Amino acid sequence: MAEPKTNELMEKIVSLCKRRGFVFQSSEIYGGINGFWDYGPLGAELKRNVKDYWWRAMTQQRDDVVGLEATIIMHPKIWEASGHTRTFSDPMVDCLLTKKRFRADQIEPQSGTAYHYAGAKDETTGKASDEAYSVLVPPGKPPESARKVANQFYQQRGIATPTLLGERSEQVKESTRYNPENGSLVTEPRPFNLMFKTYVGPVESEDGVAYLRPETAQAIFVQFKNVLAVARQKVPFGICQIGKAFRNEINPRNFTFRSREFEQMELEFFIKPDEVAKNTPANPENPQANWGWSEWHKYWVEERVKWYESIGLDRNTLEFYHQPANELAHYAKATVDILFKFPFGTQELEGIAARGDFDLKQHQEYSGKSMEYLDEETKAKYVPHVIEPSAGVDRLILALICHAYHEEQVTDEKGAVETRVVMKFHPRVAPFKVGVFPLLKNKPELVKKAMEVRDLLRPHMTAFYDEAGAIGRRYRRQDEAGTPFGVTIDFDTLGEKPELLDTVTLRDRDTMQQVRVKIDELVPLLLSKIR
RNA sequence: GCGAGCGUAGCUCAGCCUGGUAGAGCAUCACGUUGCCAACGUGAGUGUCGAGGGUUCGAAUCCCUUCGCUCGCUCCA
């Protein structure tokens, strides 16, 4: 089937999301608020299904993972221990000429001669700028190179043929105020705090400063001892959590992909340090308590890929990025990103990191509380290491929507070709599982029977009843909502052909094929398809 | 944050240049019709033209500010 081009495709998807009620812009009637999105009726069902299914797969169906639900606002010292207070508030500077942005502390100190200018004037037009500007040139280079850069600067400000005013020079040593690439002055360092700040208590004072969590993981680490004490688990075991996190992104982009308020699904899986584990490679299907971090890391990557497959994102729709050593965070031993090919580019859905014992050690140090675990089997005492599969819920929802979106050319019986838009969600995550339709709405017997069928299905699955308009139109509406099955009550259901009494047609969203099914068999049949 | 473009009905968009207080298609709702894939008929509704301010007798249209969206740069623990 022909798919539209990328930008066009993304626009169609955004449009459908609004039209059908998957995603709305937050606070839209007030003009919207950048980086925040709401889920409409269909989106809310979809997201709930995805989270429920993750929760079921990660903890309810495993012996070795337990759940946690922690608060969004936590003790501010947590973010000092985790490093977020430091790394999330780097002062940044921009090059005044190229606008390129640097971390202020990462600019290589420069020495040389700085040429300062008070402004510039265009002798022919009379246009002038009194904006001060400076250029640093390396020792021994003539002032002409500084003037060239300064000319560019003033030309950008609308002075076509600038005459530089008030030039004076100065020797500078080890300055970080200039762009090392072109010598241009940079802006004053400006703080960028990526954490949302708030105040605990009614009085806004610095004592009460707190942050909305920028990730859910830390909550798990700080509750590690409590969970350990009650969960009757032995290392290796995991703690998982689903919850909101907040980042004051400089520039939210790509629909819901990078939002300022978003939801994460995270597992922290605690394992033995390699010195304690015997590090016995074994059958990957059969996890071993004594696996080292490398085996566990591979195991969780595979587990997660299987999970994505189970909701319809086949392996070949994903890409895998093994972060090279120079990109790894200093505490990480390995990170594998699971990526999805979005229309706007291939982007990360989940990162699976082997984080060593960094996080627990940090909290041990900052809180003064021991994070050690007594391994009864080996009698060893250690701070467990951790494997962290961390997924973004909202970007996964977006991936599912993009993946589900299909346009198909359909030829009707009159030979006219039209486009069918169909959202091919996996039945497990589809917002509605089944649509129930009376063939005609002006026949009370059909309507009555259809309502009975709806009521029969409703305790088991989300069922959408629709009687408005022609039957084909109702099918197409459900195609756009991604409802995988349609049940139609017709005259045969009522016994027009006696052998078909109490049977209905069951339509498959993707193939549009219909089969006749006994009403009695509907619930078990559909349940087998949506679980 | 910087640069460029854009913002008109639920959606897609015309109108803007050259000011005279808004339109199309689709969608929605009601009634009728409809015997399985966006049929048809009749009728109905909707816009503070993104917001605020200015110019003008008069602003969707011109100017300024602001918010939002898209793209590029930047950022991305």
# chains A, B, ... in the order shown; residues from 1 in each chain; ligands from 1

call {"tool": "closest_atom_pairs", "arguments": {"of": "chain A", "to": "chain B", "cutoff": "8 Å", "atoms": "only C-alpha atoms (C1' of nucleotides)", "output": "Markdown table"}}
result
| residue | atom | partner | partner_atom | distance |
| --- | --- | --- | --- | --- |
| A:Ser15 | CA | B:C11 | C1' | 7.1 |
| A:Arg19 | CA | B:C11 | C1' | 6.4 |
| A:Gly31 | CA | B:G68 | C1' | 6.0 |
| A:Gly32 | CA | B:G68 | C1' | 5.9 |
| A:Ile33 | CA | B:G68 | C1' | 7.1 |
| A:Asn34 | CA | B:G68 | C1' | 7.0 |
| A:His84 | CA | B:A77 | C1' | 6.4 |
| A:Thr87 | CA | B:A77 | C1' | 6.5 |
| A:Phe88 | CA | B:A77 | C1' | 6.5 |
| A:Lys99 | CA | B:C2 | C1' | 5.9 |
| A:Lys100 | CA | B:U74 | C1' | 6.3 |
| A:Arg101 | CA | B:U74 | C1' | 5.6 |
| A:Glu249 | CA | B:C75 | C1' | 7.9 |
| A:Ile250 | CA | B:C75 | C1' | 6.2 |
| A:Asn251 | CA | B:C75 | C1' | 7.3 |
| A:Leu439 | CA | B:C36 | C1' | 7.5 |
| A:Leu440 | CA | B:U34 | C1' | 7.4 |
| A:Ala470 | CA | B:U34 | C1' | 6.5 |
| A:Ile471 | CA | B:C36 | C1' | 6.5 |
| A:Gly472 | CA | B:C37 | C1' | 3.8 |
| A:Arg473 | CA | B:A38 | C1' | 4.8 |
| A:Tyr475 | CA | B:C37 | C1' | 6.5 |
| A:Arg476 | CA | B:A38 | C1' | 6.3 |
| A:Phe491 | CA | B:G35 | C1' | 7.9 |
| A:Met512 | CA | B:C37 | C1' | 8.0 |

call {"tool": "write_last_selection", "arguments": {"atoms": "N, CA and C atoms", "output": "compact mmCIF listing (two decimals), in the first residue's frame"}}
result
# COMPACT_ATOMS: atom_id res chain seq x y z
N SER A 15 -3.55 15.09 12.58
CA SER A 15 -4.92 15.48 12.28
C SER A 15 -5.91 14.40 12.72
N ARG A 19 -8.99 14.62 15.31
CA ARG A 19 -10.32 14.39 14.75
C ARG A 19 -11.03 13.23 15.45
N GLY A 31 -5.08 28.84 24.00
CA GLY A 31 -3.95 29.03 23.11
C GLY A 31 -2.91 27.93 23.23
N GLY A 32 -3.17 26.96 24.09
CA GLY A 32 -2.24 25.86 24.22
C GLY A 32 -1.09 26.19 25.12
N ILE A 33 -0.36 25.17 25.53
CA ILE A 33 0.84 25.37 26.34
C ILE A 33 1.90 24.41 25.83
N ASN A 34 3.03 24.97 25.48
CA ASN A 34 4.05 24.25 24.74
C ASN A 34 4.61 23.06 25.53
N HIS A 84 21.24 15.08 39.27
CA HIS A 84 20.37 15.91 38.42
C HIS A 84 20.47 17.40 38.75
N THR A 87 23.67 18.38 36.78
CA THR A 87 23.69 18.27 35.33
C THR A 87 22.46 18.87 34.66
N PHE A 88 21.42 19.12 35.46
CA PHE A 88 20.21 19.68 34.85
C PHE A 88 20.19 21.19 34.93
N LYS A 99 25.06 31.84 16.70
CA LYS A 99 23.98 31.38 17.58
C LYS A 99 24.22 29.97 18.11
N LYS A 100 25.36 29.42 17.83
CA LYS A 100 25.64 28.08 18.33
C LYS A 100 25.70 28.11 19.86
N ARG A 101 25.16 27.08 20.47
CA ARG A 101 25.07 27.06 21.94
C ARG A 101 26.12 26.14 22.55
N GLU A 249 11.99 20.93 29.11
CA GLU A 249 12.76 20.84 27.87
C GLU A 249 12.92 22.23 27.26
N ILE A 250 14.11 22.46 26.74
CA ILE A 250 14.36 23.74 26.08
C ILE A 250 13.44 23.89 24.89
N ASN A 251 13.24 22.84 24.17
CA ASN A 251 12.50 22.93 22.93
C ASN A 251 11.71 21.65 22.68
N LEU A 439 -27.93 -3.94 11.65
CA LEU A 439 -27.77 -3.65 10.22
C LEU A 439 -28.52 -2.37 9.86
N LEU A 440 -29.73 -2.23 10.39
CA LEU A 440 -30.55 -1.04 10.15
C LEU A 440 -31.08 -0.54 11.47
N ALA A 470 -25.33 4.48 7.41
CA ALA A 470 -25.24 3.22 6.70
C ALA A 470 -24.19 2.34 7.35
N ILE A 471 -24.37 1.04 7.18
CA ILE A 471 -23.49 0.08 7.87
C ILE A 471 -22.03 0.27 7.46
N GLY A 472 -21.80 0.53 6.17
CA GLY A 472 -20.42 0.68 5.69
C GLY A 472 -19.73 1.87 6.34
N ARG A 473 -20.50 2.91 6.52
CA ARG A 473 -19.98 4.10 7.17
C ARG A 473 -19.57 3.83 8.60
N TYR A 475 -18.65 0.92 9.76
CA TYR A 475 -17.41 0.11 9.72
C TYR A 475 -16.20 1.02 9.59
N ARG A 476 -16.32 2.01 8.67
CA ARG A 476 -15.17 2.89 8.42
C ARG A 476 -14.83 3.76 9.64
N PHE A 491 -30.87 -9.78 9.60
CA PHE A 491 -32.15 -10.48 9.65
C PHE A 491 -31.98 -11.97 9.88
N MET A 512 -11.27 -7.00 6.30
CA MET A 512 -12.66 -6.66 5.99
C MET A 512 -13.50 -7.92 5.69

call {"tool": "select_by_dssp", "arguments": {"residues": "region 368-415 of chain A", "states": "strand (DSSP E)", "output": "list in words"}}
result
Tyr373, Leu374, Asp375, Ala380, Lys381, Tyr382, His385, Val386, Ile387, Glu388, Pro389, Ser390, Ala391, Gly392, Tyr405, His406, Glu407, Glu408, Gln409, Val410 and Thr411 of chain A

call {"tool": "write_last_selection", "arguments": {"atoms": "N, CA and C atoms", "output": "CSV table (one decimal), in the first residue's frame"}}
result
chain,number,residue,atom,x,y,z
A,373,TYR,N,23.2,-5.4,50.9
A,373,TYR,CA,22.3,-6.6,50.9
A,373,TYR,C,23.1,-7.8,51.4
A,374,LEU,N,22.5,-8.5,52.3
A,374,LEU,CA,23.3,-9.7,52.7
A,374,LEU,C,22.8,-10.9,51.9
A,375,ASP,N,23.7,-11.5,51.2
A,375,ASP,CA,23.4,-12.6,50.3
A,375,ASP,C,23.6,-13.9,51.2
A,380,ALA,N,27.9,-13.2,51.2
A,380,ALA,CA,28.5,-11.9,50.8
A,380,ALA,C,27.6,-10.8,51.1
A,381,LYS,N,28.2,-9.6,51.5
A,381,LYS,CA,27.5,-8.4,51.7
A,381,LYS,C,27.9,-7.4,50.6
A,382,TYR,N,26.9,-6.9,49.9
A,382,TYR,CA,27.2,-6.0,48.8
A,382,TYR,C,26.1,-5.1,48.5
A,385,HIS,N,24.0,-4.4,42.0
A,385,HIS,CA,24.1,-3.7,40.7
A,385,HIS,C,22.7,-3.7,40.1
A,386,VAL,N,22.6,-2.9,39.0
A,386,VAL,CA,21.2,-2.8,38.5
A,386,VAL,C,21.2,-2.8,37.0
A,387,ILE,N,20.2,-3.4,36.4
A,387,ILE,CA,19.8,-3.3,35.0
A,387,ILE,C,18.5,-2.5,34.9
A,388,GLU,N,18.5,-1.5,34.1
A,388,GLU,CA,17.4,-0.6,34.1
A,388,GLU,C,16.7,-0.5,32.7
A,389,PRO,N,15.7,-1.2,32.4
A,389,PRO,CA,14.9,-1.0,31.2
A,389,PRO,C,13.9,0.2,31.5
A,390,SER,N,14.1,1.3,30.8
A,390,SER,CA,13.3,2.5,31.0
A,390,SER,C,12.6,2.9,29.8
A,391,ALA,N,11.3,2.9,29.8
A,391,ALA,CA,10.5,3.2,28.5
A,391,ALA,C,9.7,4.4,28.7
A,392,GLY,N,9.5,5.2,27.6
A,392,GLY,CA,8.6,6.3,27.6
A,392,GLY,C,7.3,5.9,27.2
A,405,TYR,N,-1.2,3.5,11.6
A,405,TYR,CA,-1.8,4.3,10.6
A,405,TYR,C,-1.6,3.7,9.2
A,406,HIS,N,-2.7,3.4,8.5
A,406,HIS,CA,-2.6,2.8,7.1
A,406,HIS,C,-3.6,3.5,6.3
A,407,GLU,N,-3.2,3.8,5.0
A,407,GLU,CA,-4.2,4.2,4.0
A,407,GLU,C,-4.3,3.1,3.0
A,408,GLU,N,-5.5,2.7,2.7
A,408,GLU,CA,-5.6,1.7,1.7
A,408,GLU,C,-6.6,2.1,0.6
A,409,GLN,N,-6.3,1.7,-0.6
A,409,GLN,CA,-7.2,2.0,-1.7
A,409,GLN,C,-8.2,0.9,-1.8
A,410,VAL,N,-9.5,1.3,-1.7
A,410,VAL,CA,-10.6,0.3,-1.8
A,410,VAL,C,-11.4,0.6,-3.0
A,411,THR,N,-11.8,-0.5,-3.7
A,411,THR,CA,-12.7,-0.3,-4.8
A,411,THR,C,-14.0,-0.8,-4.5

call {"tool": "select_by_dssp", "arguments": {"residues": "region 487-525 of chain A", "states": "alpha helix (DSSP H)", "output": "PDB file with N, CA and C atoms, in the first residue's frame"}}
result
ATOM      1  N   ILE A 519     -23.891 -16.408  18.515  1.00  0.00           N
ATOM      2  CA  ILE A 519     -23.789 -15.423  19.600  1.00  0.00           C
ATOM      3  C   ILE A 519     -23.176 -16.054  20.849  1.00  0.00           C
ATOM      4  N   ASP A 520     -23.543 -17.283  21.128  1.00  0.00           N
ATOM      5  CA  ASP A 520     -23.019 -17.980  22.310  1.00  0.00           C
ATOM      6  C   ASP A 520     -21.491 -18.111  22.277  1.00  0.00           C
ATOM      7  N   GLU A 521     -20.953 -18.156  21.056  1.00  0.00           N
ATOM      8  CA  GLU A 521     -19.512 -18.391  20.937  1.00  0.00           C
ATOM      9  C   GLU A 521     -18.712 -17.103  20.861  1.00  0.00           C
ATOM     10  N   LEU A 522     -19.441 -15.986  20.837  1.00  0.00           N
ATOM     11  CA  LEU A 522     -18.794 -14.698  20.605  1.00  0.00           C
ATOM     12  C   LEU A 522     -17.779 -14.345  21.695  1.00  0.00           C
ATOM     13  N   VAL A 523     -18.206 -14.465  22.956  1.00  0.00           N
ATOM     14  CA  VAL A 523     -17.324 -14.026  24.050  1.00  0.00           C
ATOM     15  C   VAL A 523     -16.019 -14.834  24.075  1.00  0.00           C
ATOM     16  N   PRO A 524     -16.087 -16.170  24.114  1.00  0.00           N
ATOM     17  CA  PRO A 524     -14.811 -16.901  24.140  1.00  0.00           C
ATOM     18  C   PRO A 524     -13.960 -16.667  22.899  1.00  0.00           C
ATOM     19  N   LEU A 525     -14.601 -16.544  21.744  1.00  0.00           N
ATOM     20  CA  LEU A 525     -13.842 -16.336  20.511  1.00  0.00           C
ATOM     21  C   LEU A 525     -13.108 -14.995  20.549  1.00  0.00           C
TER      22      LEU A 525
END

call {"tool": "residues_around", "arguments": {"residues": "region 196-202 of chain A", "least_positions_apart": "3", "cutoff": "7 Å", "atoms": "only C-alpha atoms (C1' of nucleotides)", "output": "VMD selection string"}}
result
chain A and resid 208 to 212 246 to 248

call {"tool": "atom_distance", "arguments": {"atom1": "C1' of A60 (chain B)", "atom2": "C1' of A4 (chain B)"}}
result
23.0 Å

call {"tool": "closest_residue", "arguments": {"among": "A:Leu398, A:Ile311, A:Leu360, A:Ile242", "to": "Ile72 (chain A)", "atoms": "only C-alpha atoms"}}
result
A:Ile242

call {"tool": "residues_around", "arguments": {"residues": "Phe255 (chain A)", "least_positions_apart": "4", "cutoff": "9 Å", "atoms": "only C-alpha atoms (C1' of nucleotides)", "output": "mmCIF file with N, CA and C atoms, in the first residue's frame"}}
result
data_model
loop_
_atom_site.group_PDB
_atom_site.id
_atom_site.type_symbol
_atom_site.label_atom_id
_atom_site.label_comp_id
_atom_site.auth_asym_id
_atom_site.auth_seq_id
_atom_site.Cartn_x
_atom_site.Cartn_y
_atom_site.Cartn_z
ATOM 1 N N MET A 10 3.015 12.646 8.864
ATOM 2 C CA MET A 10 2.920 13.061 10.263
ATOM 3 C C MET A 10 1.752 14.029 10.450
ATOM 4 N N VAL A 14 -1.335 13.539 13.008
ATOM 5 C CA VAL A 14 -1.710 14.528 14.019
ATOM 6 C C VAL A 14 -3.176 14.922 13.841
ATOM 7 N N GLY A 35 4.534 21.902 24.923
ATOM 8 C CA GLY A 35 5.143 20.734 25.543
ATOM 9 C C GLY A 35 4.202 19.912 26.410
ATOM 10 N N TRP A 37 0.407 17.743 26.468
ATOM 11 C CA TRP A 37 -0.611 17.132 25.613
ATOM 12 C C TRP A 37 -1.613 16.361 26.453
ATOM 13 N N SER A 259 7.861 15.792 25.389
ATOM 14 C CA SER A 259 6.945 16.644 26.129
ATOM 15 C C SER A 259 7.584 17.052 27.438
ATOM 16 N N LEU A 398 2.753 7.121 20.731
ATOM 17 C CA LEU A 398 2.923 7.763 19.428
ATOM 18 C C LEU A 398 3.434 6.755 18.400
#

call {"tool": "closest_residue", "arguments": {"among": "B:C31, B:A9, B:C64, B:C17", "to": "G52 (chain B)", "atoms": "only C-alpha atoms (C1' of nucleotides)"}}
result
B:C64

call {"tool": "closest_residue", "arguments": {"among": "B:C49, B:C6, B:A14, B:C29", "to": "U61 (chain B)", "atoms": "only C-alpha atoms (C1' of nucleotides)"}}
result
B:C49

call {"tool": "residues_around", "arguments": {"residues": "region 457-467 of chain A", "least_positions_apart": "4", "cutoff": "9 Å", "atoms": "only C-alpha atoms (C1' of nucleotides)", "output": "JSON list (two decimals) with N, CA and C atoms, in the first residue's frame"}}
result
[["chain", "number", "residue", "atom", "x", "y", "z"],
["A", 431, "PRO", "N", -8.14, 0.67, 21.52],
["A", 431, "PRO", "CA", -9.00, 1.36, 22.50],
["A", 431, "PRO", "C", -10.33, 0.63, 22.69],
["A", 432, "PHE", "N", -10.99, 0.32, 21.59],
["A", 432, "PHE", "CA", -12.21, -0.47, 21.64],
["A", 432, "PHE", "C", -11.93, -1.80, 20.97],
["A", 433, "LYS", "N", -12.46, -2.86, 21.56],
["A", 433, "LYS", "CA", -12.17, -4.19, 21.02],
["A", 433, "LYS", "C", -13.17, -4.57, 19.95],
["A", 434, "VAL", "N", -14.42, -4.13, 20.12],
["A", 434, "VAL", "CA", -15.45, -4.59, 19.21],
["A", 434, "VAL", "C", -16.51, -3.51, 19.03],
["A", 435, "GLY", "N", -16.96, -3.36, 17.77],
["A", 435, "GLY", "CA", -18.10, -2.50, 17.50],
["A", 435, "GLY", "C", -19.32, -3.37, 17.29],
["A", 436, "VAL", "N", -20.47, -2.94, 17.81],
["A", 436, "VAL", "CA", -21.69, -3.72, 17.66],
["A", 436, "VAL", "C", -22.72, -2.89, 16.90],
["A", 437, "PHE", "N", -23.22, -3.46, 15.80],
["A", 437, "PHE", "CA", -24.10, -2.69, 14.93],
["A", 437, "PHE", "C", -25.36, -3.47, 14.55],
["A", 438, "PRO", "N", -26.54, -2.84, 14.68],
["A", 438, "PRO", "CA", -27.71, -3.40, 14.00],
["A", 438, "PRO", "C", -27.59, -3.02, 12.53],
["A", 439, "LEU", "N", -27.93, -3.94, 11.65],
["A", 439, "LEU", "CA", -27.77, -3.65, 10.22],
["A", 439, "LEU", "C", -28.52, -2.37, 9.86],
["A", 440, "LEU", "N", -29.73, -2.23, 10.39],
["A", 440, "LEU", "CA", -30.55, -1.04, 10.15],
["A", 440, "LEU", "C", -31.08, -0.54, 11.47],
["A", 441, "LYS", "N", -31.24, 0.77, 11.56],
["A", 441, "LYS", "CA", -31.70, 1.27, 12.86],
["A", 441, "LYS", "C", -33.22, 1.47, 12.89],
["A", 447, "VAL", "N", -32.39, -3.56, 16.43],
["A", 447, "VAL", "CA", -31.80, -2.69, 17.44],
["A", 447, "VAL", "C", -31.82, -3.38, 18.81],
["A", 450, "ALA", "N", -29.26, -6.13, 18.90],
["A", 450, "ALA", "CA", -27.90, -5.60, 18.91],
["A", 450, "ALA", "C", -27.54, -5.11, 20.31],
["A", 451, "MET", "N", -28.48, -4.49, 20.98],
["A", 451, "MET", "CA", -28.21, -4.01, 22.34],
["A", 451, "MET", "C", -27.97, -5.17, 23.29],
["A", 452, "GLU", "N", -28.69, -6.26, 23.04],
["A", 452, "GLU", "CA", -28.47, -7.45, 23.87],
["A", 452, "GLU", "C", -27.04, -7.98, 23.68],
["A", 453, "VAL", "N", -26.62, -7.99, 22.42],
["A", 453, "VAL", "CA", -25.27, -8.49, 22.14],
["A", 453, "VAL", "C", -24.23, -7.57, 22.78],
["A", 471, "ILE", "N", -24.37, 1.04, 7.18],
["A", 471, "ILE", "CA", -23.49, 0.08, 7.87],
["A", 471, "ILE", "C", -22.03, 0.27, 7.46],
["A", 474, "ARG", "N", -20.38, 3.02, 9.25],
["A", 474, "ARG", "CA", -20.06, 2.68, 10.65],
["A", 474, "ARG", "C", -18.80, 1.81, 10.73],
["A", 478, "GLN", "N", -15.13, 2.87, 12.70],
["A", 478, "GLN", "CA", -14.40, 2.02, 13.62],
["A", 478, "GLN", "C", -13.00, 1.69, 13.09],
["A", 483, "THR", "N", -10.71, -0.18, 15.94],
["A", 483, "THR", "CA", -11.45, -1.28, 16.57],
["A", 483, "THR", "C", -11.27, -2.55, 15.75],
["A", 522, "LEU", "N", -19.44, -15.99, 20.84],
["A", 522, "LEU", "CA", -18.79, -14.70, 20.61],
["A", 522, "LEU", "C", -17.78, -14.35, 21.69],
["A", 523, "VAL", "N", -18.21, -14.46, 22.96],
["A", 523, "VAL", "CA", -17.32, -14.03, 24.05],
["A", 523, "VAL", "C", -16.02, -14.83, 24.08],
["A", 526, "LEU", "N", -13.82, -13.94, 20.92],
["A", 526, "LEU", "CA", -13.19, -12.61, 20.94],
["A", 526, "LEU", "C", -12.12, -12.54, 22.03],
["A", 527, "LEU", "N", -12.42, -13.12, 23.18],
["A", 527, "LEU", "CA", -11.43, -13.08, 24.26],
["A", 527, "LEU", "C", -10.13, -13.73, 23.82],
["A", 530, "ILE", "N", -8.18, -11.13, 21.77],
["A", 530, "ILE", "CA", -7.73, -9.85, 22.32],
["A", 530, "ILE", "C", -6.79, -10.02, 23.51]]
